[in-house]
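A short worksheet on the structure shown next.
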Amino acid sequence: MTAPQPMLDLHDVHTYYGHIHALKGVSITVNQGEIVTLIGSNGAGKSTTLKTISGLLHPRRGTVSLFDRQIGNQPAHKVAAMGVAHAPEGRRVFSRMTVRENLEMGAFTLGRVDAADMERVFTLFPRLQERVNQQAGTMSGGEQQMLAIGRALMAKPTLLLLDEPSMGLAPLMVEAIFGVIKDINKLGMTVLLVEQNALMALAVANRGYVIQTGHIVLADSAAALRQNEMVRKAYLGED
Amino acid sequence: MDFNLDLFLQILIIGITYGAMIALIALGYTLVYGIVELINFAHGEVFMMGAFFTMQVVLWVGVTSESATVAVVGALALALLAAMAFSGGINYFIDRVAYRRLRNAPRLAPLIAAIGFSFILQNIAIYWRGSNPVTPEAVIPLEIRSLNILTAWFGLDTNLRVRLIDFLVVLVTIPILIGLSWFVYRTRTGAAMRATAQDREAAALMGIDVNRTIGTAFLIGGALAGAAGMIAVYYLNSARFQMGFQYGLFAFTAAVLGGIGNLSGAVLGGFLIGIIWAMSDGFIRQFIPEWGAQWTPTVIFGLLILVLVFRPSGLLGEQVPDRA
Ligand SMILES: Nc1ncnc2c1ncn2[C@@H]1O[C@H](COP(=O)(O)OP(=O)(O)OP(=O)(O)O)[C@@H](O)[C@H]1O
Ligand SMILES: [Mg+2]
């Protein structure tokens with residue numbers, strides 16, 4: 001077996017909101033073809049980490065590399081053009097646009113909309129096809145979540161960042177979303193998955209990191225994390 | 001007092017031409033507000049600059065009322081495009097040097113900057129052409145300006161007058177409105193603008209260069225104001241450094257009336273305000289002899305207050321960025 005190819009590497013990243021020191025030296029690696037999960041409780045710095053990768057925020061110290069390029073100071077639209085798609089927390093679909101228009105916006109970096117890509121999204125989420133002309137803002141929370149993921153897929157990203165894709169969804173829907181994450185990973189997409197639902201996240205991921213108040217406190221294979229005492233207590237709700 | 005239909009229609013025509021001008025200016029307010037939630041107080045002056053530059057271009061070209069018709073038409077078309085480029089450029093420039101730097105500052109900061117630019121532009125205009133009203137070069141002779149096209153072109157036997165100048169105002173406005181709608185709803189940059197207006201961060205994540213897109217919105221809003229400025233010069237046959245204030249205020253009112261951020265709303269609001277303006281100036285007197293044009297602002301703002309009380313988001317609904 002060949003050594004894994006690192007795709008994304010964060011080294012000692014410090015990110016601030018004004019004076020608030022949100023990430024205090026985060027180091028994370030994501031290899032090509034992996035599903036990596038970042039788990040942690042409210043306010044730990046998960047969303048901040050993803051925003052720092054996708055260029056919505058810039059680290060004050062440390063480096064963010066995508067393959068061999070330093071992307072830490074690149075604006076978000078340039079990082080998107082390099083093949084990083086970020087489905088942000090809270091869905092953030094374009095509410096006054098239809099489902100179809102939202103999916104088309106997802107393909108903005110490609111310059112054109114590939115019908116096959118849209119078909120693929122519809123295969124993963126048949127509900128979106130039924131609602132293709134509906135205004136996104138009038139859809140249910142779960143439907144909007146499917147749209148947010150579908151929109152990110154339309155960019156044919158090499159790296160997909162998902163921020164709490166299971167938030168606010170019914171259990172059946174959560175299973176379906178995690179099924180889709182596995183499917184798209186099998187299609188060759190690398191995934192960095194932020195979750196509070198650690199049980200599900202560790203079930204689909206290859207590896208995981210645990211973040212607490214801006215520090216990475218654990219890094220291991222998903223299987224090992226599932227057995228970890230601290231993880232079981234704090235994130236899997238076992239005692 | 002009998003309802004005088006002829007007079008009513010006559011005033012309606014005046015209202016529609018006023019409305020076209022107001023609508024073009026209102027679109028600039030609404031485009032910018034819809035995307036950055038800033039009331040661009042300098043927008044009225046951007047319109048005024050379009051009017052001044054139009055006169056300048058016509059002077060440079062050197063056509064007069066004696067010139068051949070094609071020369072006059074050519075010069076006016078050139079002046080229109082030049083005014084659009086000039087006003088669009090000014091608006092883009094203001095965003096680039098001031099508002100963009102204040103994008104994450106408290107809201108009052110860009111507002112004050114806008115008021116500052118509005119004074120700067122007024123002073124440039126005074127330096128340029130003085131503080132008295134300026135009458136443009138009479139390139140369209142009076143008898144042609146006020147030619148009644150209903151009788152002259154269509155041979156209708158009517159008291160109603162549609163002057164050539166009224167017709168020209170509509171002739172210029174309609175293609176611009178169609179062009180704008182095509183741009184916003186059919187082009188890639190238009191889609192980027194709509195996405196940025198709804199959620200700036202999400203738009204950036206789609207790969208949209210948000211600053212450039214906002215700049216484009218200022219450019220286009222300014223260009224529309226420039227077109228309105230060109231129209232105003234020949235419709236009003238006069239221009240003054242302060243003209244941006246009243247037109248700007250009425251246009252902003254139109255944008256709010258229609259629903260701020262809503263492009264169709266700005267056009268609807270513009271025509272409504274234009275028609276109410278004309279009716280108040282010229283028609284209500286039929287029923288209330290003491291009525292005069294001095295009541296017009298009262299009517300317009302009274303109506304605005306009523307609409308905002310009963311429909312706070314305007315007639316067609318406001319379209320502002322989603323709260324993240
Ligand atoms: N816009 C902001 N301004 C100031 N502080 C912020 C901002 N966004 C986040 N923070 C702070 O940064 C820290 C990390 O926040 P972050 O959103 O990354 O947490 P999270 O792990 O995603 O939490 P959650 O699970 O609740 O989404 C928190 O202490 C939060 O209060
Ligand atoms: Mg979060």
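Each chain in the structure tokens gets a letter, A, B, ..., in the order shown, and its residues are numbered from 1; ligands are numbered from 1 in order too.
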
- Message: Should the cut-off be 6 Å, what would the residue list for chain A against chain B look like, counting only C-alpha atoms, as a list in words?
- Response: Ala76, His77, Ala80, Ala81, Gly106 and Thr109 of chain A

Restrict the calculation to only C-alpha atoms and all ligand atoms, then for each residue of chain A with any atom at most 12 Å from an atom of ligand 2 give the closest atom pair and their distance in Å to one decimal, rows by chain and rising residue number, as a Markdown table.
```
| residue | atom | partner | partner_atom_place_in_ligand_line | distance |
| --- | --- | --- | --- | --- |
| A:Ala22 | CA | ligand 2 | 1 (Mg) | 11.8 |
| A:Leu38 | CA | ligand 2 | 1 (Mg) | 10.8 |
| A:Ile39 | CA | ligand 2 | 1 (Mg) | 10.2 |
| A:Gly40 | CA | ligand 2 | 1 (Mg) | 9.3 |
| A:Ser41 | CA | ligand 2 | 1 (Mg) | 8.9 |
| A:Asn42 | CA | ligand 2 | 1 (Mg) | 7.0 |
| A:Gly43 | CA | ligand 2 | 1 (Mg) | 6.8 |
| A:Ala44 | CA | ligand 2 | 1 (Mg) | 8.1 |
| A:Gly45 | CA | ligand 2 | 1 (Mg) | 7.0 |
| A:Lys46 | CA | ligand 2 | 1 (Mg) | 5.5 |
| A:Ser47 | CA | ligand 2 | 1 (Mg) | 4.0 |
| A:Thr48 | CA | ligand 2 | 1 (Mg) | 7.2 |
| A:Thr49 | CA | ligand 2 | 1 (Mg) | 9.1 |
| A:Leu50 | CA | ligand 2 | 1 (Mg) | 8.9 |
| A:Lys51 | CA | ligand 2 | 1 (Mg) | 9.8 |
| A:Ala87 | CA | ligand 2 | 1 (Mg) | 11.7 |
| A:Pro88 | CA | ligand 2 | 1 (Mg) | 8.7 |
| A:Glu89 | CA | ligand 2 | 1 (Mg) | 6.1 |
| A:Gly90 | CA | ligand 2 | 1 (Mg) | 8.7 |
| A:Arg91 | CA | ligand 2 | 1 (Mg) | 11.5 |
| A:Leu162 | CA | ligand 2 | 1 (Mg) | 10.5 |
| A:Asp163 | CA | ligand 2 | 1 (Mg) | 6.8 |
| A:Glu164 | CA | ligand 2 | 1 (Mg) | 7.3 |
| A:Pro165 | CA | ligand 2 | 1 (Mg) | 10.8 |
| A:Met167 | CA | ligand 2 | 1 (Mg) | 10.2 |
| A:Leu193 | CA | ligand 2 | 1 (Mg) | 11.4 |
| A:Val194 | CA | ligand 2 | 1 (Mg) | 8.0 |
| A:Glu195 | CA | ligand 2 | 1 (Mg) | 8.5 |
| A:Gln196 | CA | ligand 2 | 1 (Mg) | 8.9 |
| A:Ile211 | CA | ligand 2 | 1 (Mg) | 11.7 |
```

- If we count only C-alpha atoms, what is near B:Ile126 at a cut-off of 10 Å, once residues fewer than 6 positions away on the same chain are taken out, given as a PyMOL selection string? chain B and resi 120+132+240-242

How would the residues just chosen look if you wrote them out with N, CA and C atoms as a short mmCIF file (atom, residue, chain, number, x, y, z; two decimals), in the first residue's frame?
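Produced file again_25.cif, reproduced below:
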```
data_model
loop_
_atom_site.label_atom_id
_atom_site.label_comp_id
_atom_site.auth_asym_id
_atom_site.auth_seq_id
_atom_site.Cartn_x
_atom_site.Cartn_y
_atom_site.Cartn_z
N ILE B 120 -19.32 66.64 -2.14
CA ILE B 120 -18.17 66.79 -3.05
C ILE B 120 -18.65 66.93 -4.49
N ASN B 132 -25.90 78.67 -10.78
CA ASN B 132 -27.21 79.00 -11.35
C ASN B 132 -27.68 77.90 -12.29
N ARG B 240 -29.09 71.88 -12.78
CA ARG B 240 -28.50 72.67 -11.72
C ARG B 240 -27.82 71.74 -10.72
N PHE B 241 -26.82 72.30 -10.03
CA PHE B 241 -26.03 71.43 -9.14
C PHE B 241 -26.90 70.78 -8.06
N GLN B 242 -28.03 71.40 -7.73
CA GLN B 242 -28.89 70.86 -6.68
C GLN B 242 -29.95 69.89 -7.18
#
```

- A:Pro4: which residues within 12 Å, counting only C-alpha atoms, same-chain residues fewer than 2 positions away excluded, as a list in words?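 Near A:Pro4, the qualifying residues are Met1, Thr2, Pro6, Met7, Leu8, Thr29, Val30, Asn31, Gln32, Gly33 and Glu34 of chain A.
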
- Message: If we count only C-alpha atoms and set the cut-off at 12 Å, which residues sit around stretch 163-166 of chain B, ignoring sequence neighbours fewer than 3 positions away in its own chain? Please answer as a ChimeraX atom specification.
- Response: /B:10-21,140-153,160,169-173,231-237
